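Novice: work.cif is the file, holding mmCIF, C-alpha atoms:
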```
data_input
#
loop_
_atom_site.label_atom_id
_atom_site.label_comp_id
_atom_site.auth_asym_id
_atom_site.auth_seq_id
_atom_site.Cartn_x
_atom_site.Cartn_y
_atom_site.Cartn_z
CA MET S 10 -2.34 -118.91 -10.81
CA HIS S 11 -3.54 -115.36 -10.58
CA LEU S 12 -2.99 -113.77 -7.24
CA PRO S 13 -4.40 -110.26 -6.87
CA TRP S 14 -2.10 -109.31 -4.01
CA ARG S 15 0.89 -110.32 -6.03
CA GLN S 16 -0.02 -107.81 -8.75
CA LYS S 17 -0.31 -105.01 -6.21
CA GLN S 18 3.05 -105.88 -4.71
CA GLN S 19 4.65 -105.89 -8.15
CA THR S 20 3.17 -102.47 -8.91
CA SER S 21 4.50 -101.02 -5.69
CA GLU S 22 7.95 -102.41 -6.45
CA GLU S 23 7.90 -100.76 -9.86
CA GLN S 24 6.97 -97.42 -8.27
CA THR S 25 9.80 -97.61 -5.74
CA SER S 26 12.41 -98.48 -8.33
CA PRO S 27 15.39 -96.03 -8.59
CA LEU S 28 15.10 -92.94 -10.88
CA PRO S 29 16.74 -92.87 -14.26
CA SER S 30 20.23 -91.39 -14.51
CA GLU S 31 19.07 -88.24 -16.35
CA GLN S 32 16.62 -87.35 -13.61
CA ARG S 33 19.25 -87.92 -10.96
CA GLY S 34 21.65 -85.59 -12.84
CA LEU S 35 19.01 -82.83 -13.08
CA GLY S 36 18.30 -83.00 -9.37
CA ALA S 37 21.96 -82.79 -8.57
CA ARG S 38 22.44 -79.69 -10.72
CA TRP S 39 19.42 -78.03 -9.10
CA SER S 40 20.77 -78.76 -5.65
CA ALA S 41 24.15 -77.30 -6.62
CA THR S 42 22.53 -74.16 -8.04
CA LYS S 43 20.46 -73.72 -4.92
CA ASP S 44 23.47 -74.08 -2.69
CA ALA S 45 25.44 -71.57 -4.80
CA PHE S 46 22.61 -69.02 -4.66
CA GLU S 47 22.30 -69.36 -0.90
CA THR S 48 26.04 -68.97 -0.54
CA HIS S 49 26.04 -65.85 -2.73
CA LEU S 50 23.13 -64.35 -0.83
CA THR S 51 24.84 -64.96 2.47
CA THR S 52 28.06 -63.42 1.16
CA ALA S 53 26.22 -60.35 -0.19
CA GLN S 54 24.44 -59.79 3.09
CA ALA S 55 27.70 -60.04 4.94
CA ASN S 56 29.39 -57.61 2.56
CA THR S 57 26.51 -55.14 2.82
CA LYS S 58 26.56 -55.32 6.59
CA SER S 59 30.27 -54.77 6.72
CA THR S 60 29.98 -51.87 4.26
CA LEU S 61 27.30 -50.20 6.36
CA GLN S 62 29.31 -50.71 9.47
CA GLY S 63 32.32 -49.20 7.80
CA TYR S 64 30.27 -46.24 6.56
CA ASN S 65 28.85 -45.65 10.03
CA VAL S 66 32.29 -45.80 11.52
CA ASN S 67 33.55 -43.37 8.88
CA VAL S 68 30.72 -40.92 9.52
CA ARG S 69 31.27 -41.19 13.25
CA ASN S 70 34.95 -40.53 12.86
CA ARG S 71 34.36 -37.56 10.57
CA SER S 72 31.84 -36.12 13.00
CA ARG S 73 34.28 -36.49 15.85
CA ALA S 74 37.01 -34.88 13.77
CA LYS S 75 34.71 -31.98 12.81
CA ALA S 76 33.68 -31.49 16.41
CA TYR S 77 37.30 -31.53 17.49
CA GLU S 78 38.16 -29.05 14.75
CA LEU S 79 35.33 -26.72 15.74
CA GLY S 80 36.28 -27.05 19.37
CA SER S 81 39.85 -26.15 18.62
CA ARG S 82 38.90 -23.01 16.71
CA PRO S 83 38.55 -19.61 18.42
CA VAL S 84 35.29 -18.65 20.07
CA ALA S 85 34.99 -15.56 17.88
CA TYR S 86 34.91 -17.75 14.78
CA LEU S 87 32.07 -19.83 16.20
CA VAL S 88 30.14 -16.71 17.19
CA LEU S 89 30.54 -15.18 13.73
CA SER S 90 29.44 -18.43 12.09
CA GLY S 91 26.32 -18.50 14.25
CA ILE S 92 25.54 -14.89 13.46
CA PHE S 93 25.95 -15.55 9.74
CA LEU S 94 23.70 -18.60 9.74
CA GLY S 95 21.10 -16.79 11.86
CA SER S 96 21.14 -13.78 9.55
CA VAL S 97 20.71 -15.91 6.44
CA SER S 98 17.81 -17.83 7.94
CA THR S 99 16.18 -14.63 9.21
CA LEU S 100 16.45 -12.96 5.81
CA GLY S 101 14.96 -16.02 4.13
CA VAL S 102 12.03 -16.18 6.53
CA THR S 103 11.48 -12.42 6.20
CA PHE S 104 11.47 -12.61 2.42
CA VAL S 105 8.94 -15.45 2.41
CA TYR S 106 6.74 -13.61 4.92
CA ARG S 107 6.83 -10.30 3.05
CA ARG S 108 6.20 -11.93 -0.30
CA TYR S 109 3.52 -14.46 0.57
CA PHE S 110 2.09 -13.78 4.03
CA ARG S 111 2.27 -10.04 4.87
CA ARG S 112 -0.95 -8.11 4.38
CA LEU S 113 -0.99 -4.82 2.50
CA ARG S 114 -3.37 -2.99 4.79
CA THR S 115 -3.84 0.29 2.93
CA ALA S 116 -2.60 2.04 -0.18
CA GLU S 117 0.23 3.56 1.89
CA TRP S 118 1.62 0.05 2.41
CA VAL S 119 2.09 -0.36 -1.35
CA THR S 120 5.72 0.66 -1.81
CA PRO S 121 7.32 1.85 -5.08
CA ASP S 122 9.15 -1.48 -5.28
CA VAL S 123 5.83 -3.34 -5.29
CA LEU S 124 4.53 -1.11 -8.08
CA ARG S 125 7.74 -1.48 -10.05
CA ARG S 126 7.46 -5.27 -9.97
CA LYS S 127 3.72 -5.05 -10.78
CA ARG S 128 2.92 -7.57 -8.11
CA TRP S 129 -0.24 -9.66 -8.16
CA VAL S 130 -2.34 -9.75 -4.99
CA ARG S 131 -5.50 -11.59 -4.04
CA GLY S 132 -8.25 -10.16 -1.89
CA VAL S 133 -11.93 -9.84 -1.11
CA VAL S 134 -13.95 -6.83 -2.27
CA THR S 135 -15.52 -5.29 0.81
CA SER S 136 -17.32 -2.34 -0.83
CA VAL S 137 -17.83 -0.63 -4.18
CA GLY S 138 -17.73 3.15 -4.07
CA ASP S 139 -18.17 4.03 -7.74
CA GLY S 140 -18.58 2.44 -11.14
CA ASP S 141 -14.83 1.90 -11.60
CA ASN S 142 -13.25 1.62 -8.12
CA PHE S 143 -13.67 -0.49 -5.00
CA ARG S 144 -12.13 -1.41 -1.65
CA LEU S 145 -9.97 -4.55 -1.46
CA TYR S 146 -9.13 -6.52 1.70
CA HIS S 147 -5.81 -8.23 0.94
CA THR S 148 -5.81 -11.97 1.81
CA PRO S 149 -2.27 -13.35 1.29
CA GLY S 150 -1.02 -16.85 2.02
CA PHE S 151 -3.42 -19.51 3.22
CA GLY S 152 -5.95 -19.90 6.01
CA TRP S 153 -8.80 -17.94 4.41
CA ARG S 154 -10.75 -20.91 3.05
CA TRP S 155 -11.84 -24.31 4.17
CA PRO S 156 -10.48 -26.85 5.06
CA LEU S 157 -7.63 -24.69 6.48
CA LYS S 158 -9.75 -21.71 7.50
CA PHE S 159 -8.31 -20.03 10.58
CA ARG S 160 -8.36 -16.41 9.33
CA ARG S 161 -11.41 -14.34 8.47
CA VAL S 162 -12.29 -11.19 6.54
CA PRO S 163 -13.92 -8.50 8.75
CA THR S 164 -17.43 -7.39 7.90
CA LEU S 165 -18.03 -4.44 10.24
CA SER S 166 -17.13 -0.92 9.15
CA LYS S 167 -15.11 -0.18 12.29
CA GLU S 168 -13.07 -3.35 11.75
CA LEU S 169 -12.40 -2.46 8.10
CA LYS S 170 -11.20 1.07 8.91
CA GLU S 171 -7.59 1.54 7.71
CA GLN S 172 -7.54 -2.09 6.58
CA THR S 173 -8.44 -1.94 2.86
CA ILE S 174 -6.77 -0.79 -0.36
CA HIS S 175 -8.59 1.70 -2.58
CA VAL S 176 -8.33 0.20 -6.08
CA ARG S 177 -9.02 1.97 -9.38
CA ILE S 178 -9.80 -0.46 -12.21
CA ALA S 179 -7.29 0.08 -15.02
CA GLY S 180 -8.30 0.55 -18.65
CA VAL S 181 -11.97 1.44 -18.12
CA ASP S 182 -13.91 4.62 -17.37
CA ALA S 183 -17.42 4.27 -15.94
CA PRO S 184 -20.16 6.95 -15.84
CA GLU S 185 -19.57 9.42 -13.02
CA GLY S 186 -21.90 9.51 -10.04
CA SER S 187 -23.04 12.56 -8.11
CA HIS S 188 -20.01 13.97 -6.27
CA PHE S 189 -19.23 17.43 -4.84
CA GLY S 190 -22.70 18.70 -5.67
CA ARG S 191 -22.49 17.68 -9.33
CA GLN S 192 -25.28 15.88 -11.14
CA ALA S 193 -24.66 12.21 -11.93
CA GLN S 194 -24.24 11.00 -15.50
CA PRO S 195 -26.89 8.85 -17.15
CA TYR S 196 -26.54 5.15 -16.37
CA ALA S 197 -24.17 5.78 -13.43
CA ALA S 198 -26.47 4.01 -10.97
CA GLU S 199 -26.85 1.00 -13.29
CA ALA S 200 -23.07 0.74 -13.70
CA LEU S 201 -22.59 0.84 -9.93
CA THR S 202 -25.24 -1.85 -9.42
CA TRP S 203 -23.67 -4.11 -12.05
CA LEU S 204 -20.22 -3.82 -10.44
CA LYS S 205 -21.61 -4.54 -6.97
CA ASP S 206 -23.46 -7.63 -8.18
CA THR S 207 -20.31 -8.87 -9.94
CA ILE S 208 -17.52 -8.46 -7.38
CA GLU S 209 -18.80 -7.29 -3.98
CA GLY S 210 -18.00 -9.85 -1.32
CA ARG S 211 -16.04 -12.02 -3.77
CA VAL S 212 -12.40 -12.82 -4.43
CA VAL S 213 -10.55 -10.95 -7.19
CA TYR S 214 -6.93 -10.78 -8.35
CA CYS S 215 -5.25 -7.40 -8.83
CA GLN S 216 -1.98 -6.53 -10.55
CA LEU S 217 -0.79 -3.35 -8.83
CA VAL S 218 0.45 -0.93 -11.51
CA ARG S 219 0.73 2.65 -10.21
CA ARG S 220 -0.70 5.28 -7.86
CA ASP S 221 -3.00 7.97 -9.25
CA GLN S 222 -3.52 11.58 -8.15
CA TYR S 223 -6.20 10.54 -5.63
CA SER S 224 -3.85 8.03 -3.87
CA ARG S 225 -5.73 5.10 -5.38
CA ILE S 226 -3.86 2.06 -6.68
CA VAL S 227 -4.52 1.59 -10.39
CA SER S 228 -4.72 -2.18 -10.92
CA VAL S 229 -5.43 -4.69 -13.66
CA VAL S 230 -8.28 -6.68 -12.09
CA THR S 231 -9.20 -10.24 -13.08
CA LEU S 232 -11.93 -12.55 -11.87
CA PRO S 233 -11.07 -15.95 -10.37
CA PRO S 234 -10.61 -18.74 -12.94
CA PRO S 235 -13.47 -21.27 -12.99
CA PHE S 236 -11.45 -24.47 -12.42
CA LEU S 237 -7.72 -24.01 -11.90
CA PRO S 238 -6.25 -22.03 -8.96
CA GLY S 239 -5.52 -18.35 -9.42
CA TRP S 240 -1.76 -18.71 -8.92
CA LEU S 241 -1.61 -21.08 -11.89
CA THR S 242 -3.70 -19.16 -14.44
CA THR S 243 -5.66 -15.91 -14.80
CA GLY S 244 -9.37 -15.45 -15.22
CA ARG S 245 -11.41 -12.99 -17.22
CA SER S 246 -10.55 -9.30 -17.19
CA LEU S 247 -13.01 -7.27 -15.12
CA ALA S 248 -12.45 -4.14 -17.26
CA LEU S 249 -13.29 -6.04 -20.46
CA GLU S 250 -16.38 -7.51 -18.83
CA MET S 251 -17.50 -4.00 -17.86
CA ILE S 252 -17.03 -2.73 -21.41
CA ARG S 253 -18.75 -5.82 -22.82
CA ALA S 254 -21.74 -5.24 -20.52
CA GLY S 255 -21.93 -1.58 -21.53
CA THR S 256 -21.14 -0.17 -18.08
CA GLY S 257 -17.91 1.57 -19.07
CA LEU S 258 -15.74 2.93 -21.89
CA THR S 259 -12.11 2.42 -22.76
CA TYR S 260 -9.93 4.78 -20.73
CA GLU S 261 -7.70 6.62 -23.23
CA GLN S 262 -6.20 9.35 -21.06
CA ALA S 263 -2.53 9.71 -20.12
CA GLY S 264 -1.12 6.84 -18.09
CA ALA S 265 -3.75 4.30 -19.17
CA GLU S 266 -2.96 0.64 -18.39
CA TYR S 267 -4.47 -2.34 -20.21
CA GLY S 268 -2.43 -5.28 -18.93
CA LYS S 269 -1.59 -8.14 -21.28
CA TYR S 270 -4.65 -7.47 -23.46
CA GLY S 271 -3.59 -4.16 -24.96
CA LYS S 272 -5.57 -1.14 -26.05
CA ASP S 273 -6.65 -2.71 -29.34
CA GLU S 274 -8.52 -5.48 -27.53
CA PHE S 275 -10.33 -2.94 -25.36
CA LEU S 276 -11.39 -0.90 -28.38
CA ARG S 277 -12.55 -4.03 -30.21
CA VAL S 278 -14.76 -5.12 -27.31
CA GLU S 279 -16.15 -1.57 -27.01
CA ALA S 280 -17.01 -1.56 -30.73
CA GLU S 281 -18.82 -4.89 -30.32
CA SER S 282 -20.85 -3.56 -27.39
CA ARG S 283 -21.91 -0.58 -29.48
CA GLN S 284 -23.13 -2.60 -32.43
CA PRO S 285 -26.51 -4.40 -32.39
CA HIS S 286 -26.70 -8.17 -32.71
CA THR S 287 -27.53 -9.22 -36.27
CA HIS S 288 -29.65 -12.19 -35.20
CA CYS S 289 -32.06 -10.02 -33.19
CA VAL S 290 -35.20 -8.62 -34.75
CA LEU S 291 -35.20 -5.50 -32.59
CA SER S 292 -31.64 -4.40 -33.22
CA ARG S 293 -31.74 -1.30 -30.99
CA ALA S 294 -32.83 -3.35 -28.01
CA ALA S 295 -29.84 -5.65 -28.57
CA ARG S 296 -27.33 -2.92 -27.68
CA ARG S 297 -26.00 -3.31 -24.17
CA GLY S 298 -25.85 -0.94 -21.22
CA MET S 299 -25.09 2.69 -21.93
CA TRP S 300 -25.25 1.96 -25.69
CA LYS S 301 -28.88 0.96 -25.46
CA HIS S 302 -29.99 4.09 -27.35
CA GLY S 303 -27.17 3.91 -29.88
CA THR S 304 -25.00 6.84 -28.73
CA VAL S 305 -23.63 8.39 -25.56
CA GLU S 306 -24.31 12.09 -25.14
CA GLU S 307 -21.22 12.75 -22.99
CA THR S 308 -18.37 10.40 -22.11
CA PRO S 309 -17.00 10.31 -18.55
CA ALA S 310 -13.80 12.03 -19.74
CA GLN S 311 -15.79 14.89 -21.32
CA TYR S 312 -17.90 15.15 -18.17
CA LYS S 313 -14.87 15.53 -15.92
CA ARG S 314 -13.22 17.95 -18.32
CA ARG S 315 -16.34 20.13 -18.39
CA TYR S 316 -16.53 20.40 -14.62
CA ALA S 317 -12.79 20.95 -14.34
CA GLN S 318 -13.01 23.94 -16.69
CA SER S 319 -15.98 25.38 -14.79
CA GLY S 320 -13.93 25.46 -11.61
CA THR S 321 -16.06 23.10 -9.52
CA ASP S 322 -13.75 20.15 -9.66
CA ALA S 323 -12.50 18.51 -6.49
CA GLU S 324 -9.01 19.82 -7.06
CA ALA S 325 -10.30 23.37 -7.20
CA GLN S 326 -12.16 22.78 -3.96
CA ALA S 327 -9.00 21.40 -2.41
CA GLN S 328 -7.04 24.48 -3.51
CA GLY S 329 -9.70 26.73 -2.02
CA THR S 330 -9.61 24.84 1.26
CA ALA S 331 -5.82 25.15 1.38
CA LYS S 332 -6.05 28.89 0.73
CA VAL S 333 -8.57 29.35 3.55
CA GLU S 334 -6.35 27.39 5.91
CA GLN S 335 -3.39 29.56 4.94
CA GLU S 336 -5.34 32.74 5.67
CA ASN S 337 -6.47 31.31 8.99
CA SER S 338 -2.87 30.57 9.89
CA LYS S 339 -1.98 34.22 9.21
CA GLU S 340 -4.82 35.42 11.43
CA ASP S 341 -3.65 33.02 14.15
CA TRP S 342 -0.15 34.54 13.88
CA LYS S 343 -1.54 38.03 14.34
CA ILE S 344 -3.58 36.93 17.34
CA TYR S 345 -0.50 35.27 18.81
CA ASN S 346 1.50 38.53 18.47
CA LEU S 347 -1.37 40.49 20.03
CA GLY S 348 -1.38 38.09 22.94
CA ALA S 349 2.36 38.53 23.39
CA PHE S 350 1.89 42.33 23.46
CA GLN S 351 -0.86 41.93 26.04
CA ARG S 352 1.35 39.75 28.26
CA SER S 353 4.23 42.23 28.06
CA SER S 354 2.06 45.30 28.71
CA GLY S 355 -0.12 43.80 31.43
CA LEU S 356 -3.31 45.29 29.95
CA PRO S 357 -6.53 43.32 29.49
CA LEU S 358 -6.87 41.93 25.99
CA SER S 359 -10.32 43.49 25.60
CA THR S 360 -8.86 47.00 26.08
CA ILE S 361 -6.21 46.61 23.36
CA SER S 362 -7.33 47.92 19.97
CA PHE S 363 -5.43 49.54 17.14
CA ASP S 364 -6.45 51.96 14.45
CA THR S 365 -3.89 51.99 11.65
CA THR S 366 -4.75 55.54 10.47
CA ALA S 367 -4.65 57.04 13.97
CA ALA S 368 -1.40 55.25 14.78
CA THR S 369 0.19 56.59 11.60
CA SER S 370 -0.81 60.21 12.32
CA LEU S 371 0.37 59.91 15.92
CA LEU S 372 3.76 58.59 14.85
CA SER S 373 4.11 61.38 12.27
CA SER S 374 3.40 64.08 14.88
CA LEU S 375 5.80 62.51 17.35
CA LEU S 376 8.61 62.30 14.83
CA SER S 377 8.06 65.89 13.62
CA SER S 378 7.99 67.30 17.16
CA GLU S 379 11.07 65.37 18.18
CA SER S 380 13.03 66.43 15.10
CA SER S 381 12.11 70.10 15.60
CA ALA S 382 13.13 69.89 19.26
CA VAL S 383 16.49 68.44 18.40
CA LYS S 384 17.14 71.12 15.76
CA SER S 385 16.25 73.92 18.18
CA ALA S 386 18.50 72.50 20.89
CA LEU S 387 21.42 72.33 18.52
CA SER S 388 20.95 75.88 17.09
CA SER S 389 20.63 77.89 20.36
CA GLY S 390 21.83 77.67 23.91
CA THR S 391 18.42 78.15 25.57
CA VAL S 392 15.78 75.93 24.15
CA PRO S 393 12.33 75.27 25.57
CA THR S 394 11.54 71.68 24.63
CA THR S 395 8.31 69.75 25.14
CA ILE S 396 8.74 66.00 25.19
CA PRO S 397 5.91 63.54 25.76
CA THR S 398 7.14 60.78 28.05
CA SER S 399 5.64 57.94 29.99
CA LEU S 400 5.77 60.18 33.11
CA GLY S 401 3.81 63.04 31.54
CA THR S 402 4.78 66.21 29.64
CA LEU S 403 8.45 67.11 30.21
CA THR S 404 9.52 70.79 29.70
CA THR S 405 13.24 71.51 29.73
CA VAL S 406 14.82 75.04 29.65
CA THR S 407 18.56 75.47 29.17
CA SER S 408 20.17 78.94 29.93
CA PRO S 409 23.82 79.74 29.16
CA SER S 410 23.81 82.80 31.55
CA SER S 411 23.35 80.56 34.54
CA GLY S 412 26.36 78.46 33.71
CA GLY S 413 24.52 75.84 31.78
CA SER S 414 22.09 75.07 34.55
CA THR S 415 18.91 73.42 33.51
CA SER S 416 15.49 73.63 35.09
CA THR S 417 12.93 70.93 34.40
CA ALA S 418 9.22 71.14 35.02
CA THR S 419 6.80 68.25 34.62
CA SER S 420 3.39 67.27 35.81
CA THR S 421 5.21 64.95 38.20
CA PRO S 422 7.73 65.91 40.93
CA ALA S 423 10.53 68.22 39.69
CA ALA S 424 13.99 66.99 38.72
CA THR S 425 17.33 68.73 38.15
CA THR S 426 19.77 67.58 35.54
CA SER S 427 23.24 68.52 34.44
CA SER S 428 24.28 70.60 31.44
CA GLY S 429 23.15 69.16 28.10
CA ALA S 430 20.10 67.36 29.54
CA GLY S 431 17.94 68.85 26.81
CA ARG S 432 19.81 67.02 24.13
CA THR S 433 19.69 63.76 26.15
CA GLU S 434 15.94 63.94 26.71
CA ALA S 435 15.34 64.83 23.07
CA GLY S 436 17.35 61.82 21.93
CA LEU S 437 15.52 59.58 24.41
CA GLY S 438 12.15 60.75 23.15
CA LEU S 439 13.19 60.17 19.55
CA GLY S 440 14.33 56.62 20.42
CA LEU S 441 11.05 55.88 22.18
CA ALA S 442 9.08 57.09 19.18
CA ALA S 443 11.16 55.01 16.75
CA GLY S 444 10.77 51.93 18.96
CA ALA S 445 7.01 52.36 19.13
CA ALA S 446 6.85 52.71 15.34
CA ALA S 447 8.90 49.57 14.82
CA GLY S 448 6.70 47.63 17.25
CA LEU S 449 3.48 48.70 15.53
CA LEU S 450 4.88 47.85 12.08
CA ALA S 451 5.95 44.41 13.32
CA LEU S 452 2.51 43.84 14.79
CA PHE S 453 0.62 44.77 11.64
#
```
As structure tokens, what does this structure read like?
Specialist:
Amino acid sequence: MHLPWRQKQQTSEEQTSPLPSEQRGLGARWSATKDAFETHLTTAQANTKSTLQGYNVNVRNRSRAKAYELGSRPVAYLVLSGIFLGSVSTLGVTFVYRRYFRRLRTAEWVTPDVLRRKRWVRGVVTSVGDGDNFRLYHTPGFGWRWPLKFRRVPTLSKELKEQTIHVRIAGVDAPEGSHFGRQAQPYAAEALTWLKDTIEGRVVYCQLVRRDQYSRIVSVVTLPPPFLPGWLTTGRSLALEMIRAGTGLTYEQAGAEYGKYGKDEFLRVEAESRQPHTHCVLSRAARRGMWKHGTVEETPAQYKRRYAQSGTDAEAQAQGTAKVEQENSKEDWKIYNLGAFQRSSGLPLSTISFDTTAATSLLSSLLSSESSAVKSALSSGTVPTTIPTSLGTLTTVTSPSSGGSTSTATSTPAATTSSGAGRTEAGLGLGLAAGAAAGLLALF
């Protein structure tokens, strides 16, 4: 007889029957592996914890030993150690500040060591004075741009005073403008306009090379690279761009600097700017800048040489100014001596005047009269002598018959002297005359 519940019960009994021996062995091995892994993990954690504890204890003990050692050492040793560490840290901070954060305010701040190392600096062009020089506001370090902008470049003239470096672009010579009353060269205004449009108010990179005779810093100038930062790579050369645009020529005078490009590259770019483009129909119109008409009548070097030979150069003017100042200093010295004479004599300065010819004739007459008086006094016993003194005209008569008595008559009250007074007065007059001559010679 078929009983449906009996079939269900039989099925359930089959499902709850014990597992085969192979399955039971696999489960046992898995359980053993699991227990071994847990035991190993627990042991590793315990070992790690004990190791860390031991390391901490070791570090603590070493620190205590070091502190005890330092405490047992003399105070002078600790003070010297502190001074040494402070000095090292101060020197390191100073070096970093001077190299990366200190501003070079003017050309006077550029030391010979900076020029010897040919240091690169970054800055903003505040003004362009000529076709080949400009003013640079040095912007070192960071903080000049967003998002970390907390420093700014001044824009007012009074704020920029004594705050910029006068830079001369190396390797290029632009047409000269009108300076010191000289007429400007052709295309000088166009060259100045091109340079202003290219760099004024923008960031440039300058390699400081040397100082020229006008106290300008000759520098290899490059434009900012288009993508990468300036400290990682260099951009285009400003001098080559000027020559390529026809606003300047290759500078070939003594002391020329061309940077990493070399003189040959400058001359090659200049030759290209001179030549017309072959793909243009109007070849003459294809020449650029000052080569637009094919030739240049006078180069900037020839222009400066011509004015230097004519004596109207700035250096000649400077020499003339120095000579005038030297002459003025001599006149001031004379006036100072005249003032000293006025203070010593007590006379008004307006009443003091000297005629060199009259003074010379007066001194000659004084010396001749004094010498004749002295000779007469020495040759005879009785000598009438006339001596001009500050008290008037002094007349002295010496007579041997009266026992060497001497009578003196002046325009002032009379005076009686002893024997030999004639010789004394003659010597005094001669000394006064010599002193007056020496004073006048020192004055003039």
Novice: Would you compute the distance between atom CA of S:Trp203 and atom CA of S:Gly239? Give it in Å to one decimal.
Specialist: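 One can read the atom CA of S:Trp203 to atom CA of S:Gly239 distance as 23.2 Å.
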Novice: S:Tyr109, S:Tyr77, S:Gly138, S:Gly268: which is nearest S:His188, counting all atoms listed in the file?
Specialist: S:Gly138
Novice: Apply the PyMOL selection byres ((chain S and resi 261-264) around 12) to the file shown and report the selected residues as a list in words.
Specialist: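 Output from the PyMOL selection byres ((chain S and resi 261-264) around 12), applied to this file: Ala179, Gly180, Val181, Asp182, Val218, Arg219, Arg220, Asp221, Gln222, Val227, Leu258, Thr259, Tyr260, Ala265, Glu266, Tyr267, Gly271, Lys272, Asp273, Phe275, Leu276, Thr308, Pro309, Ala310, Gln311, Lys313 and Arg314 of chain S.
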Novice: Expressed in Å to a single decimal, how great is the separation between atom CA of S:Glu168 and atom CA of S:Glu209?
Specialist: 17.2 Å
Novice: Which polymer residues have any atom within 10 Å of an atom of S:Tyr106, counting all atoms listed in the file, with same-chain residues fewer than 6 positions away left out, as a ChimeraX atom specification?
Specialist: /S:100,112,149-150
Novice: Could you tell me how far atom CA of S:Gly298 sits from atom CA of S:Arg131, in Å to one decimal place?
Specialist: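 Computing it gives 28.7 Å between the two atoms.
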Novice: Once the PyMOL selection byres ((chain S and resi 140) around 7) has been evaluated on this model, what residues remain selected, and can you format them as a count of residues only?
Specialist: 9
